[in-house]
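Participant: Input final-v8.cif, format and content: mmCIF, C-alpha atoms, pLDDT in the B column; chains and numbers go by the auth columns.
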```
data_start
#
loop_
_atom_site.group_PDB
_atom_site.id
_atom_site.type_symbol
_atom_site.label_atom_id
_atom_site.label_comp_id
_atom_site.label_asym_id
_atom_site.label_seq_id
_atom_site.Cartn_x
_atom_site.Cartn_y
_atom_site.Cartn_z
_atom_site.B_iso_or_equiv
_atom_site.auth_seq_id
_atom_site.auth_asym_id
ATOM 1 C CA MET A 1 89.318 129.093 52.848 46.00 905 A
ATOM 2 C CA LYS A 2 89.160 127.551 49.401 56.00 906 A
ATOM 3 C CA ILE A 3 86.630 124.758 48.909 63.00 907 A
ATOM 4 C CA ASN A 4 86.700 122.380 45.986 73.00 908 A
ATOM 5 C CA GLU A 5 83.184 122.425 44.564 79.00 909 A
ATOM 6 C CA LYS A 6 83.368 118.912 43.166 82.00 910 A
ATOM 7 C CA ASN A 7 84.482 117.427 46.484 85.00 911 A
ATOM 8 C CA LEU A 8 81.842 119.430 48.323 85.00 912 A
ATOM 9 C CA CYS A 9 79.096 118.219 45.980 87.00 913 A
ATOM 10 C CA LEU A 10 80.292 114.641 46.332 88.00 914 A
ATOM 11 C CA PHE A 11 80.294 114.980 50.109 89.00 915 A
ATOM 12 C CA ALA A 12 76.782 116.454 50.089 89.00 916 A
ATOM 13 C CA THR A 13 75.282 113.651 48.022 89.00 917 A
ATOM 14 C CA THR A 14 77.122 110.722 49.646 89.00 918 A
ATOM 15 C CA PRO A 15 75.241 108.920 52.447 88.00 919 A
ATOM 16 C CA PRO A 16 74.899 108.711 55.366 91.00 920 A
ATOM 17 C CA SER A 17 73.558 111.997 56.669 91.00 921 A
ATOM 18 C CA ASP A 18 72.562 113.214 60.142 93.00 922 A
ATOM 19 C CA LEU A 19 69.155 114.475 59.059 94.00 923 A
ATOM 20 C CA GLU A 20 67.396 115.220 55.801 95.00 924 A
ATOM 21 C CA GLY A 21 63.943 116.335 54.689 95.00 925 A
ATOM 22 C CA TYR A 22 61.860 119.104 53.098 96.00 926 A
ATOM 23 C CA LEU A 23 61.706 122.578 54.674 96.00 927 A
ATOM 24 C CA ASN A 24 60.327 125.896 53.453 94.00 928 A
ATOM 25 C CA LYS A 25 62.956 128.593 53.083 93.00 929 A
ATOM 26 C CA ARG A 26 62.343 132.312 52.663 91.00 930 A
ATOM 27 C CA GLY A 27 64.691 134.089 50.263 85.00 931 A
ATOM 28 C CA GLU A 28 66.831 137.086 51.230 81.00 932 A
ATOM 29 C CA VAL A 29 65.819 139.237 48.234 81.00 933 A
ATOM 30 C CA ASN A 30 62.582 137.537 47.255 81.00 934 A
ATOM 31 C CA LYS A 31 60.617 137.205 50.502 83.00 935 A
ATOM 32 C CA SER A 32 58.450 134.373 49.189 89.00 936 A
ATOM 33 C CA TRP A 33 58.698 130.889 50.655 91.00 937 A
ATOM 34 C CA GLN A 34 60.338 128.188 48.569 93.00 938 A
ATOM 35 C CA ARG A 35 60.292 124.458 49.206 94.00 939 A
ATOM 36 C CA ARG A 36 63.816 123.003 49.409 95.00 940 A
ATOM 37 C CA TRP A 37 65.388 119.640 50.229 96.00 941 A
ATOM 38 C CA PHE A 38 67.792 119.975 53.187 97.00 942 A
ATOM 39 C CA VAL A 39 70.613 117.584 54.138 96.00 943 A
ATOM 40 C CA LEU A 40 72.551 117.959 57.418 95.00 944 A
ATOM 41 C CA LYS A 41 76.034 116.434 57.545 94.00 945 A
ATOM 42 C CA GLY A 42 78.166 117.417 60.520 90.00 946 A
ATOM 43 C CA ASN A 43 78.202 121.194 60.818 92.00 947 A
ATOM 44 C CA LEU A 44 77.222 121.707 57.170 93.00 948 A
ATOM 45 C CA LEU A 45 73.598 122.228 56.104 95.00 949 A
ATOM 46 C CA PHE A 46 73.116 121.670 52.356 96.00 950 A
ATOM 47 C CA TYR A 47 69.890 122.535 50.514 96.00 951 A
ATOM 48 C CA PHE A 48 68.845 121.364 47.075 96.00 952 A
ATOM 49 C CA GLU A 49 66.094 122.442 44.739 94.00 953 A
ATOM 50 C CA LYS A 50 64.540 118.983 44.970 92.00 954 A
ATOM 51 C CA LYS A 51 65.372 115.558 46.315 92.00 955 A
ATOM 52 C CA GLY A 52 67.824 113.566 44.195 90.00 956 A
ATOM 53 C CA ASP A 53 69.722 116.511 42.702 91.00 957 A
ATOM 54 C CA LYS A 54 73.430 115.988 42.158 90.00 958 A
ATOM 55 C CA GLU A 55 74.528 119.470 43.179 91.00 959 A
ATOM 56 C CA PRO A 56 73.278 121.625 46.069 93.00 960 A
ATOM 57 C CA ILE A 57 72.215 125.210 45.397 92.00 961 A
ATOM 58 C CA GLY A 58 73.615 126.404 48.709 92.00 962 A
ATOM 59 C CA VAL A 59 75.339 125.424 51.972 93.00 963 A
ATOM 60 C CA ILE A 60 75.198 126.912 55.495 93.00 964 A
ATOM 61 C CA VAL A 61 78.160 126.472 57.875 92.00 965 A
ATOM 62 C CA LEU A 62 76.648 126.108 61.322 91.00 966 A
ATOM 63 C CA GLU A 63 79.376 127.889 63.338 89.00 967 A
ATOM 64 C CA GLY A 64 78.916 131.057 65.371 87.00 968 A
ATOM 65 C CA CYS A 65 75.124 130.961 65.119 89.00 969 A
ATOM 66 C CA THR A 66 72.107 130.220 67.262 91.00 970 A
ATOM 67 C CA ILE A 67 68.879 128.382 66.453 92.00 971 A
ATOM 68 C CA GLU A 68 65.841 130.394 67.538 92.00 972 A
ATOM 69 C CA LEU A 69 62.076 130.416 67.042 92.00 973 A
ATOM 70 C CA ALA A 70 60.722 132.763 64.428 88.00 974 A
ATOM 71 C CA GLU A 71 59.867 136.263 65.714 79.00 975 A
ATOM 72 C CA ASP A 72 56.968 136.917 63.285 74.00 976 A
ATOM 73 C CA GLY A 73 54.976 134.015 64.717 66.00 977 A
ATOM 74 C CA ASP A 74 54.838 131.917 61.570 67.00 978 A
ATOM 75 C CA ASN A 75 53.498 128.421 62.065 81.00 979 A
ATOM 76 C CA TYR A 76 56.350 126.019 62.880 90.00 980 A
ATOM 77 C CA GLY A 77 58.901 128.605 61.825 92.00 981 A
ATOM 78 C CA PHE A 78 62.462 128.936 63.186 94.00 982 A
ATOM 79 C CA GLN A 79 65.596 130.795 62.126 93.00 983 A
ATOM 80 C CA ILE A 80 69.366 130.437 62.015 94.00 984 A
ATOM 81 C CA VAL A 81 70.815 133.680 63.373 92.00 985 A
ATOM 82 C CA PHE A 82 74.466 134.662 62.805 91.00 986 A
ATOM 83 C CA HIS A 83 75.485 137.352 65.303 84.00 987 A
ATOM 84 C CA GLY A 84 77.480 140.387 64.301 77.00 988 A
ATOM 85 C CA ILE A 85 77.357 143.200 61.773 76.00 989 A
ATOM 86 C CA ASN A 86 76.025 142.422 58.302 74.00 990 A
ATOM 87 C CA ASN A 87 75.380 138.781 59.203 84.00 991 A
ATOM 88 C CA ARG A 88 72.536 136.963 57.577 87.00 992 A
ATOM 89 C CA THR A 89 69.550 135.271 59.207 91.00 993 A
ATOM 90 C CA TYR A 90 68.044 132.225 57.535 92.00 994 A
ATOM 91 C CA HIS A 91 64.283 131.802 57.951 92.00 995 A
ATOM 92 C CA LEU A 92 62.983 128.250 57.778 94.00 996 A
ATOM 93 C CA CYS A 93 59.579 126.688 58.302 94.00 997 A
ATOM 94 C CA ALA A 94 58.588 123.066 58.960 94.00 998 A
ATOM 95 C CA GLU A 95 55.383 121.227 58.188 92.00 999 A
ATOM 96 C CA SER A 96 54.626 120.209 61.798 93.00 1000 A
ATOM 97 C CA GLN A 97 55.647 120.839 65.376 92.00 1001 A
ATOM 98 C CA GLU A 98 57.416 117.517 65.594 94.00 1002 A
ATOM 99 C CA VAL A 99 59.482 118.147 62.457 94.00 1003 A
ATOM 100 C CA MET A 100 60.368 121.652 63.645 94.00 1004 A
ATOM 101 C CA GLU A 101 61.632 120.388 67.037 94.00 1005 A
ATOM 102 C CA LYS A 102 63.639 117.636 65.362 95.00 1006 A
ATOM 103 C CA TRP A 103 65.388 120.097 63.058 95.00 1007 A
ATOM 104 C CA MET A 104 66.034 122.677 65.772 94.00 1008 A
ATOM 105 C CA LYS A 105 67.588 120.076 68.027 93.00 1009 A
ATOM 106 C CA ALA A 106 69.757 118.630 65.254 94.00 1010 A
ATOM 107 C CA LEU A 107 70.970 122.072 64.114 94.00 1011 A
ATOM 108 C CA THR A 108 71.758 123.116 67.697 91.00 1012 A
ATOM 109 C CA CYS A 109 73.907 120.017 68.261 91.00 1013 A
ATOM 110 C CA ALA A 110 75.742 120.358 64.948 90.00 1014 A
ATOM 111 C CA GLY A 111 77.993 123.304 65.855 84.00 1015 A
ATOM 112 C CA TYR A 112 81.517 123.025 67.216 84.00 1016 A
ATOM 113 C CA GLU A 113 80.756 125.200 70.235 81.00 1017 A
ATOM 114 C CA TYR A 114 78.000 122.847 71.351 82.00 1018 A
ATOM 115 C CA MET A 115 80.296 119.832 70.973 82.00 1019 A
ATOM 116 C CA LYS A 116 82.960 121.659 72.983 84.00 1020 A
ATOM 117 C CA LEU A 117 80.506 122.324 75.806 85.00 1021 A
ATOM 118 C CA MET A 118 79.348 118.702 75.756 85.00 1022 A
ATOM 119 C CA VAL A 119 82.936 117.423 76.001 89.00 1023 A
ATOM 120 C CA ALA A 120 83.632 119.756 78.936 89.00 1024 A
ATOM 121 C CA GLU A 121 80.490 118.572 80.720 89.00 1025 A
ATOM 122 C CA LEU A 122 81.372 114.934 80.178 91.00 1026 A
ATOM 123 C CA GLN A 123 84.887 115.528 81.518 89.00 1027 A
ATOM 124 C CA ARG A 124 83.431 117.192 84.615 89.00 1028 A
ATOM 125 C CA GLN A 125 81.102 114.257 85.272 89.00 1029 A
ATOM 126 C CA LEU A 126 83.944 111.801 84.751 89.00 1030 A
ATOM 127 C CA GLY A 127 86.084 113.713 87.236 87.00 1031 A
ATOM 128 C CA GLU A 128 83.308 113.567 89.856 87.00 1032 A
ATOM 129 C CA LEU A 129 82.996 109.804 89.378 87.00 1033 A
ATOM 130 C CA ASP A 130 86.752 109.382 89.765 84.00 1034 A
ATOM 131 C CA GLU A 131 86.733 111.385 93.000 82.00 1035 A
ATOM 132 C CA LYS A 132 83.967 109.212 94.414 81.00 1036 A
ATOM 133 C CA ASN A 133 85.618 105.940 93.438 79.00 1037 A
ATOM 134 C CA VAL A 134 89.173 106.840 94.482 71.00 1038 A
ATOM 135 C CA GLU A 135 89.875 106.807 98.231 58.00 1039 A
ATOM 136 C CA PRO A 136 92.295 109.255 99.896 59.00 1040 A
ATOM 137 C CA PRO A 137 95.938 108.094 100.053 59.00 1041 A
ATOM 138 C CA GLU A 138 95.848 107.867 103.868 61.00 1042 A
ATOM 139 C CA THR A 139 92.816 105.599 103.778 57.00 1043 A
ATOM 140 C CA GLN A 140 94.377 103.378 101.154 55.00 1044 A
ATOM 141 C CA SER A 141 97.659 103.076 103.076 57.00 1045 A
ATOM 142 C CA SER A 142 95.853 102.216 106.311 58.00 1046 A
ATOM 143 C CA SER A 143 93.438 99.718 104.785 58.00 1047 A
ATOM 144 C CA ILE A 144 95.848 97.942 102.447 63.00 1048 A
ATOM 145 C CA THR A 145 99.067 96.575 103.945 66.00 1049 A
ATOM 146 C CA PRO A 146 101.662 95.614 101.357 66.00 1050 A
ATOM 147 C CA LYS A 147 102.754 92.008 101.579 70.00 1051 A
ATOM 148 C CA PRO A 148 106.444 91.146 101.163 70.00 1052 A
ATOM 149 C CA PRO A 149 107.303 88.872 98.266 69.00 1053 A
ATOM 150 C CA PRO A 150 107.814 85.189 99.156 71.00 1054 A
ATOM 151 C CA ARG A 151 111.405 84.268 99.971 68.00 1055 A
ATOM 152 C CA ARG A 152 113.027 81.534 97.933 64.00 1056 A
ATOM 153 C CA GLN A 153 114.820 78.886 99.977 67.00 1057 A
ATOM 154 C CA ASN A 154 118.442 78.054 99.135 61.00 1058 A
ATOM 155 C CA PRO A 155 118.706 74.238 98.851 63.00 1059 A
ATOM 156 C CA PHE A 156 122.418 74.377 99.816 62.00 1060 A
ATOM 157 C CA ASN A 157 121.748 76.023 103.178 62.00 1061 A
ATOM 158 C CA ARG A 158 120.579 73.051 105.153 59.00 1062 A
ATOM 159 C CA VAL A 159 120.785 73.532 108.908 54.00 1063 A
ATOM 160 C CA ALA A 160 120.495 70.509 111.198 54.00 1064 A
ATOM 161 C CA PRO A 161 117.570 70.667 113.590 56.00 1065 A
ATOM 162 C CA PRO A 162 118.539 71.697 117.154 58.00 1066 A
ATOM 163 C CA VAL A 163 118.945 68.860 119.688 54.00 1067 A
ATOM 164 C CA PRO A 164 117.460 69.600 123.108 56.00 1068 A
ATOM 165 C CA ASN A 165 120.156 69.215 125.810 55.00 1069 A
ATOM 166 C CA SER A 166 118.167 70.146 128.848 49.00 1070 A
ATOM 167 C CA THR A 167 114.765 69.555 130.287 48.00 1071 A
ATOM 168 C CA ALA A 168 113.980 73.249 129.960 45.00 1072 A
ATOM 169 C CA THR A 169 113.746 72.995 126.162 46.00 1073 A
ATOM 170 C CA GLN A 170 111.511 69.953 126.201 48.00 1074 A
ATOM 171 C CA SER A 171 107.795 70.135 125.855 47.00 1075 A
ATOM 172 C CA PRO A 172 105.889 70.168 129.139 46.00 1076 A
ATOM 173 C CA ARG A 173 103.869 67.220 127.895 50.00 1077 A
ATOM 174 C CA VAL A 174 104.967 63.935 129.555 44.00 1078 A
ATOM 175 C CA CYS A 175 104.629 60.691 127.644 44.00 1079 A
ATOM 176 C CA GLN A 176 103.792 57.655 129.799 49.00 1080 A
ATOM 177 C CA SER A 177 105.093 54.273 128.618 48.00 1081 A
ATOM 178 C CA SER A 178 104.020 50.760 129.552 49.00 1082 A
ATOM 179 C CA PRO A 179 106.106 48.550 131.911 50.00 1083 A
ATOM 180 C CA ALA A 180 107.145 46.262 129.043 48.00 1084 A
ATOM 181 C CA GLU A 181 108.425 49.196 127.042 51.00 1085 A
ATOM 182 C CA SER A 182 110.283 50.618 130.082 49.00 1086 A
ATOM 183 C CA SER A 183 111.978 47.280 130.854 50.00 1087 A
ATOM 184 C CA THR A 184 112.947 46.790 127.230 51.00 1088 A
ATOM 185 C CA SER A 185 114.416 50.267 127.064 50.00 1089 A
ATOM 186 C CA ALA A 186 116.293 49.693 130.351 46.00 1090 A
ATOM 187 C CA GLU A 187 117.800 46.423 129.107 48.00 1091 A
ATOM 188 C CA ALA A 188 118.740 48.052 125.836 47.00 1092 A
ATOM 189 C CA SER A 189 120.401 50.958 127.640 49.00 1093 A
ATOM 190 C CA SER A 190 122.158 48.833 130.354 49.00 1094 A
ATOM 191 C CA GLY A 191 123.140 45.801 128.227 50.00 1095 A
ATOM 192 C CA PRO A 192 126.543 45.700 126.516 49.00 1096 A
ATOM 193 C CA GLN A 193 126.820 46.629 122.940 51.00 1097 A
ATOM 194 C CA PRO A 194 128.013 44.000 120.413 50.00 1098 A
ATOM 195 C CA ASN A 195 131.567 45.376 120.428 53.00 1099 A
ATOM 196 C CA ASN A 196 131.671 45.373 124.235 54.00 1100 A
ATOM 197 C CA ILE A 197 130.474 41.726 124.405 53.00 1101 A
ATOM 198 C CA GLN A 198 133.224 40.598 122.025 55.00 1102 A
ATOM 199 C CA ALA A 199 135.868 42.469 124.016 53.00 1103 A
ATOM 200 C CA THR A 200 134.656 40.824 127.292 58.00 1104 A
ATOM 201 C CA GLU A 201 134.827 37.323 125.776 59.00 1105 A
ATOM 202 C CA ASN A 202 138.373 37.950 124.557 60.00 1106 A
ATOM 203 C CA ASP A 203 139.452 39.152 128.012 62.00 1107 A
ATOM 204 C CA GLY A 204 138.027 35.958 129.684 67.00 1108 A
ATOM 205 C CA PHE A 205 139.817 33.701 127.189 67.00 1109 A
ATOM 206 C CA PHE A 206 143.237 35.247 127.815 68.00 1110 A
ATOM 207 C CA LYS A 207 142.648 35.241 131.565 72.00 1111 A
ATOM 208 C CA SER A 208 141.917 31.482 131.615 75.00 1112 A
ATOM 209 C CA ILE A 209 145.085 30.753 129.612 75.00 1113 A
ATOM 210 C CA HIS A 210 147.131 32.894 131.971 70.00 1114 A
ATOM 211 C CA GLU A 211 145.717 31.056 135.016 77.00 1115 A
ATOM 212 C CA GLU A 212 146.455 27.577 133.534 77.00 1116 A
ATOM 213 C CA LEU A 213 150.019 28.533 132.654 77.00 1117 A
ATOM 214 C CA GLY A 214 150.496 29.948 136.127 76.00 1118 A
ATOM 215 C CA LYS A 215 149.240 26.729 137.781 80.00 1119 A
ATOM 216 C CA SER A 216 151.501 24.540 135.640 79.00 1120 A
ATOM 217 C CA PHE A 217 154.499 26.743 136.418 75.00 1121 A
ATOM 218 C CA VAL A 218 153.794 26.574 140.159 77.00 1122 A
ATOM 219 C CA GLN A 219 153.444 22.786 140.006 82.00 1123 A
ATOM 220 C CA GLU A 220 156.749 22.443 138.150 80.00 1124 A
ATOM 221 C CA MET A 221 158.503 24.604 140.712 81.00 1125 A
ATOM 222 C CA ASN A 222 157.097 22.616 143.607 80.00 1126 A
ATOM 223 C CA ARG A 223 158.173 19.358 141.930 82.00 1127 A
ATOM 224 C CA ARG A 224 161.746 20.558 141.515 79.00 1128 A
ATOM 225 C CA LYS A 225 161.946 21.713 145.115 77.00 1129 A
ATOM 226 C CA THR A 226 160.715 18.329 146.307 79.00 1130 A
ATOM 227 C CA GLU A 227 163.399 16.521 144.301 76.00 1131 A
ATOM 228 C CA GLU A 228 166.161 18.719 145.679 72.00 1132 A
ATOM 229 C CA VAL A 229 165.047 18.070 149.251 68.00 1133 A
ATOM 230 C CA THR A 230 164.946 14.320 148.671 68.00 1134 A
ATOM 231 C CA THR A 231 168.432 14.347 147.213 66.00 1135 A
ATOM 232 C CA LYS A 232 169.860 16.152 150.216 60.00 1136 A
ATOM 233 C CA THR A 233 168.174 13.961 152.901 58.00 1137 A
ATOM 234 C CA ASP A 234 168.882 10.590 151.235 54.00 1138 A
ATOM 235 C CA PRO A 235 172.662 10.174 150.609 52.00 1139 A
ATOM 236 C CA SER A 236 173.660 8.005 147.770 50.00 1140 A
ATOM 237 C CA PRO A 237 174.828 4.354 148.701 50.00 1141 A
ATOM 238 C CA LEU A 238 178.531 3.739 149.007 47.00 1142 A
ATOM 239 C CA ILE A 239 180.233 1.544 146.455 46.00 1143 A
ATOM 240 C CA ASP A 240 182.016 -1.478 147.935 47.00 1144 A
ATOM 241 C CA LEU A 241 185.563 -1.806 146.819 41.00 1145 A
#
```
How would this structure read if it were set down as C-alpha cells?

Facilitator:
Amino acid sequence: MKINEKNLCLFATTPPSDLEGYLNKRGEVNKSWQRRWFVLKGNLLFYFEKKGDKEPIGVIVLEGCTIELAEDGDNYGFQIVFHGINNRTYHLCAESQEVMEKWMKALTCAGYEYMKLMVAELQRQLGELDEKNVEPPETQSSSITPKPPPRRQNPFNRVAPPVPNSTATQSPRVCQSSPAESSTSAEASSGPQPNNIQATENDGFFKSIHEELGKSFVQEMNRRKTEEVTTKTDPSPLIDL
C-alpha cells in the first residue's frame, strides 16, 4: 500500500489525538533507550524525536499485534509484539505505573480486531435485551385484541324507528297517570275531531230543511183533499131562470 508522506505527516501533527506523551523506546540495532514523543491516532502510533516536530521519525500500525508486559522485568516496561516469522517487537518503557497502564489500555483498544470483538459483544447484548423486551407472538395475540376501525354512518340511510304494535314489545314498566290526565285523554280520544264536528252540523242542517219541506207538502195535500170533499158534498146553487 502506497502512503503519501506529506498527507501522513499532516495527519500525524493535526489535532486531536487519542493519546500522546513521552515514552522511552529501545532501538532494534542500538539497544540503548531513547526518549521519544508518541502520538496515538486511531490504529496508528507515531513517534517523534521531540514534542512539536513537524515530521515523525516513525509510525507503527497497530494491527495483528498484542500488547504485553516486558519479559526482562524492566520498570514500567511493556512491548508491542507482532506474531509471525521475522516480525519485530517494539520495547517501550513508561515513567510510572499509571502512565504504563494508560498506554497499554489505549494501544490494546486501538486495533481493528479489538473493535470487531467489541461490536460483536455489543450486538450480543442488544439481542439479549430485545429477547427480554419482546413477548412471544402467542402472548401478544392473546393479550392484545385488535379493534375494528370505526364505521362511518351514511347520512342518506335514515331508517324510521320501529313502532311497537303489541304489548309484548313494550317495556314492562307501567306508567301511572292522574285522574285528570286520564279523563282529558279519554275526552280527547272519544270526542269528535274538527272535521267530524263540521260534517255533523251539515247533516243536521239538511235534515231540518227536509223535515220542514215535508211538513209543508203534507199540509198542502191535506188542504187540497179537504177542498175536494167540500165541493162534492155541497152542490152549487141552481140559477133561477

Participant: Once the PyMOL selection byres ((chain A and resi 914-918) around 9) has been applied to the shown file, what residues remain in the selection, as a ChimeraX atom specification?

Facilitator: /A:909-913,919-921,943-945,948-950,956-960

Participant: Find the residue from A:Gln938, A:Asn1037, A:Asn990, A:Thr1012 that sits nearest to Ile971 of chain A; use only C-alpha atoms when measuring.

Facilitator: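 Looking only at the distances to Ile971 of chain A, the closest residue turns out to be A:Thr1012.
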
Participant: Using all atoms listed in the file - which residues lie no farther than 12 Å from the point (73.0, 125.1, 58.4) in the file's frame? Write them as a PyMOL selection string.

Facilitator: chain A and resi 923-924+929+942-951+962-971+983-986+992-996+1007-1008+1010-1015

Participant: Let me make sure I understand: among A:Arg930, A:Lys1051, A:Lys935, A:Arg1028, which one has the smallest atom-to-atom distance to Phe982 of chain A if we use only C-alpha atoms?

Facilitator: A:Arg930

Participant: Please compute the atom CA of Trp937 of chain A-atom CA of Glu975 of chain A distance, one decimal, in Å.

Facilitator: 16.0 Å

Participant: Give the answer as one residue: which of A:Glu972, A:Glu1116, A:Glu1025, A:Glu953 has the shortest atom-to-atom distance to Met1004 of chain A, using all atoms listed in the file?

Facilitator: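 Between A:Glu972, A:Glu1116, A:Glu1025, A:Glu953, the residue approaching Met1004 of chain A most closely is A:Glu972.
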
Participant: Any idea what the distance is between atom CA of Gly925 of chain A and atom CA of Gly981 of chain A?

Facilitator: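 The value is 15.1 Å.
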
Participant: What is the atom CA of Ile961 of chain A-atom CA of Val933 of chain A distance in Å, reported with one decimal?

Facilitator: 15.7 Å

Participant: With distances taken over all atoms listed in the file, which residue among A:Ser1000, A:Asn1126, A:Asn908, A:Ser1120 lies nearest Leu927 of chain A?

Facilitator: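 Counting all atoms listed in the file, the residue closest to Leu927 of chain A is A:Ser1000.
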